[in-house]
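See structure below.
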Amino acid sequence: MVENQTYWNMETETMSRDKLLEYQWSKLLPQLRYAYSNVPYYRRSFEDAGMKIDDIKKVEDYYERVPFLSKTQIIENQKTNPPFGDLLAVKPEDLSRIYIAPGPIALPFTKEEYDMLTSMVAKGFYICGARKKDIVNLAANFHWVIAGTALDEAFRKIGCAVLPGGPGMSKMHVEMMRLTRTTVLMGFTMFVLKLGETAKEMGIDPSKELSLRLLIVLGDVRTEDTKGRLEKTFGAEVREAYGTADLGLIAAECPDGGGMHLYEEILAEVIDPKTGKHVPFGEGGEIVASDIVRRAMPIIRYRTGDITEGLNLDPCPCGRSTPRLKRILGRTSDIPKVKGMFINPSEVESVIKRHPELGKFQIIVDRPRLEDELTIKVEFNKPVDKGKIEGFLVNELKEVIRLKSNVVLVEEGTIPQDAGVLDDRRKV
Ligand SMILES: [Zn+2]
């Protein structure tokens, strides 16, 4: 590989949209056939859905016929017949790595597919801007899960030198990053923010006394405020990568922003989590994707449970042609769809936090008649002009969540301690 070139694989990253779809289908169809022939679970689930593998000839057939796979289905299947249920496509002696995803789900890998997987992740980090000369502090979990060790391998494939920092021990992180002149830091957003705070507590200005030029965070930046805070604290660029504990990383943000480029091997869909139908192009919904490199345990049409704002289909100045996955708003269980719009509790919080006299809040969604109704209940902690603040909040919230809500100010302690942020009272 040529150092500092723009692309990891120029040919596939910059192909036209038509070619791209052809390319994705050329990868996905053999994977469907492989799963059908080698995994009893898929043979059964395809047949239960009234589908023969030869019926699947084009991508539309895939969308219309291939059943979804949910996390619960994997958990139940493995629980019935541990450790892998009837999802295993290879002989147990061919496995070289087993990760555990929350559930628990056992995720087996052969040596060959692990190599392909980490190469795809390497491409993602390359898109984010990591290069051969970088010294990377990897603050992801190395135990059990498909994070630390796989991401470590991916950075080393680019040629970076990696510190396996892991999570926790934040002072040590700051000290070691200063000592080794770490240039790239990767981790979950909350932990990276914490490292910034820790550095300041230690009397170190992370933007001046550390050498970080790039932060790669794991798709959990819920608001632009957070991104700005990270950039300012560390004086570094911030890029996001998106993946799940079962799929691994499937999208990464280039220097031009506007979302995270899906890998060209990944044909992602965005569905309405309630109906399972595709949303109109560009609109928000739940991310569904198949993994095309898995050999040991194929993952086909997997419902991630993550809600995205949608796909950005505009051409990207970087020249990559894959759609960009817009912000991840949260989990399907936490992000209500109200009047066709997804409401992100973090965005509501960012508005409420502008007012120091306000505290705990609750989002209440109801459908008293035929229409959804959105109410934001907010506690105040000192005497306020209720009517005035409520009026402000209605307008400020409308700017951010693009919906009109009822705002009700209540005294501190009114919202029960154990109440969730979201109270969805709709019956259907
Ligand atoms: Zn781009």
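All residue names refer to the structure tokens as shown: chains lettered A, B, ... in order, residues numbered from 1 in each chain, ligands numbered from 1 in order.
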So that I can check the secondary structure, give me every residue of stretch 236-421 of chain A assigned strand (DSSP E or B) by backbone DSSP, as JSON, numbers by chain. {"A": [237, 238, 239, 240, 241, 242, 243, 244, 248, 249, 250, 251, 252, 260, 261, 262, 269, 270, 271, 278, 285, 286, 287, 288, 289, 302, 303, 304, 305, 306, 307, 308, 311, 312, 324, 325, 328, 329, 330, 331, 337, 338, 341, 342, 358, 359, 360, 361, 362, 363, 364, 365, 366, 373, 374, 375, 376, 377, 378, 379, 380, 406, 407, 408, 409, 410, 411]}
Residues as selected, C-alpha atoms, written as a CSV table (one decimal), in the first residue's frame, can you do that?
chain,number,residue,atom,x,y,z
A,237,GLU,CA,-10.4,15.9,14.4
A,238,VAL,CA,-13.3,13.6,15.3
A,239,ARG,CA,-14.5,10.8,13.1
A,240,GLU,CA,-17.1,8.2,13.8
A,241,ALA,CA,-17.3,4.5,12.9
A,242,TYR,CA,-20.4,2.4,13.2
A,243,GLY,CA,-20.8,-1.2,14.0
A,244,THR,CA,-22.6,-3.6,16.3
A,248,GLY,CA,-18.6,-5.7,13.6
A,249,LEU,CA,-17.9,-2.3,12.0
A,250,ILE,CA,-19.8,-1.6,8.8
A,251,ALA,CA,-19.4,2.2,8.2
A,252,ALA,CA,-16.8,4.9,8.8
A,260,MET,CA,-20.4,7.4,7.8
A,261,HIS,CA,-19.6,5.7,4.5
A,262,LEU,CA,-21.1,2.1,4.5
A,269,GLU,CA,-31.4,-1.3,4.4
A,270,VAL,CA,-33.4,1.2,6.6
A,271,ILE,CA,-36.7,-0.1,7.7
A,278,HIS,CA,-38.4,0.0,3.8
A,285,GLY,CA,-35.4,4.0,10.6
A,286,GLU,CA,-33.8,0.8,11.8
A,287,ILE,CA,-30.6,-0.4,10.2
A,288,VAL,CA,-30.6,-3.9,8.6
A,289,ALA,CA,-27.6,-5.5,7.1
A,302,TYR,CA,-29.8,-8.8,10.6
A,303,ARG,CA,-32.0,-6.3,12.4
A,304,THR,CA,-29.5,-4.2,14.4
A,305,GLY,CA,-32.1,-2.5,16.6
A,306,ASP,CA,-30.2,0.8,15.9
A,307,ILE,CA,-32.1,3.8,14.6
A,308,THR,CA,-30.3,6.0,12.1
A,311,LEU,CA,-28.9,7.4,4.5
A,312,ASN,CA,-27.2,10.4,2.9
A,324,ARG,CA,-23.3,7.7,4.2
A,325,LEU,CA,-25.1,6.5,7.3
A,328,ILE,CA,-27.3,6.9,15.0
A,329,LEU,CA,-30.0,8.1,17.3
A,330,GLY,CA,-30.2,5.2,19.6
A,331,ARG,CA,-31.9,1.8,20.1
A,337,LYS,CA,-41.4,7.6,16.3
A,338,VAL,CA,-43.9,10.4,16.8
A,341,MET,CA,-40.3,11.6,13.2
A,342,PHE,CA,-37.8,9.9,15.4
A,358,LEU,CA,-34.2,22.9,34.9
A,359,GLY,CA,-33.3,19.3,35.7
A,360,LYS,CA,-34.7,15.8,35.2
A,361,PHE,CA,-37.1,15.4,32.3
A,362,GLN,CA,-39.4,12.8,30.8
A,363,ILE,CA,-40.7,12.3,27.2
A,364,ILE,CA,-44.3,11.2,27.2
A,365,VAL,CA,-45.8,9.9,24.0
A,366,ASP,CA,-49.5,9.2,23.8
A,373,GLU,CA,-49.2,13.6,21.2
A,374,LEU,CA,-45.7,14.5,22.6
A,375,THR,CA,-45.3,15.9,26.0
A,376,ILE,CA,-42.0,16.9,27.7
A,377,LYS,CA,-42.2,17.0,31.4
A,378,VAL,CA,-39.4,19.0,33.0
A,379,GLU,CA,-38.5,19.5,36.7
A,380,PHE,CA,-37.4,23.0,37.8
A,406,ASN,CA,-46.4,20.3,25.0
A,407,VAL,CA,-44.0,21.3,27.7
A,408,VAL,CA,-45.0,21.0,31.3
A,409,LEU,CA,-42.8,22.3,34.1
A,410,VAL,CA,-43.2,20.5,37.4
A,411,GLU,CA,-41.5,20.8,40.8
Selection within 6 Å of ligand 1 by only C-alpha atoms and all ligand atoms, output as a PyMOL selection string: chain A and resi 254+256+316-318+320
Writing out the chosen residues with N, CA and C atoms as a PDB file, in the first residue's frame:
ATOM      1  N   CYS A 254     -15.571   9.745   6.598  1.00  0.00           N
ATOM      2  CA  CYS A 254     -14.395  10.308   5.905  1.00  0.00           C
ATOM      3  C   CYS A 254     -14.188  11.754   6.360  1.00  0.00           C
ATOM      4  N   ASP A 256     -14.750  14.414   4.970  1.00  0.00           N
ATOM      5  CA  ASP A 256     -15.774  15.349   4.515  1.00  0.00           C
ATOM      6  C   ASP A 256     -17.061  15.284   5.332  1.00  0.00           C
ATOM      7  N   CYS A 316     -20.285  12.321  -2.287  1.00  0.00           N
ATOM      8  CA  CYS A 316     -19.385  12.868  -1.262  1.00  0.00           C
ATOM      9  C   CYS A 316     -18.154  13.461  -1.950  1.00  0.00           C
ATOM     10  N   PRO A 317     -17.693  14.639  -1.491  1.00  0.00           N
ATOM     11  CA  PRO A 317     -16.513  15.244  -2.108  1.00  0.00           C
ATOM     12  C   PRO A 317     -15.281  14.332  -2.086  1.00  0.00           C
ATOM     13  N   CYS A 318     -15.255  13.352  -1.166  1.00  0.00           N
ATOM     14  CA  CYS A 318     -14.080  12.481  -1.068  1.00  0.00           C
ATOM     15  C   CYS A 318     -14.003  11.515  -2.250  1.00  0.00           C
ATOM     16  N   ARG A 320     -15.811   8.780  -2.641  1.00  0.00           N
ATOM     17  CA  ARG A 320     -16.348   7.442  -2.358  1.00  0.00           C
ATOM     18  C   ARG A 320     -17.835   7.432  -2.716  1.00  0.00           C
TER      19      ARG A 320
END
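Going from atom CA of A:Val184 to atom CA of A:Gly259 covers 20.0 Å.
When only C-alpha atoms are used to compute distances to A:Asp152, the closest of the residues A:Leu267, A:Met169, A:Ala245, A:Met186 turns out to be A:Met186.
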Determine which residues of stretch 94-170 of chain A DSSP labels as helix (DSSP H, G or I) from the backbone of this structure, then write them out as a ChimeraX atom specification. /A:94,111-128,148-158,170
What is the distance between atom CA of A:Phe142 and atom CA of A:Tyr99, in Å to one decimal? 10.3 Å
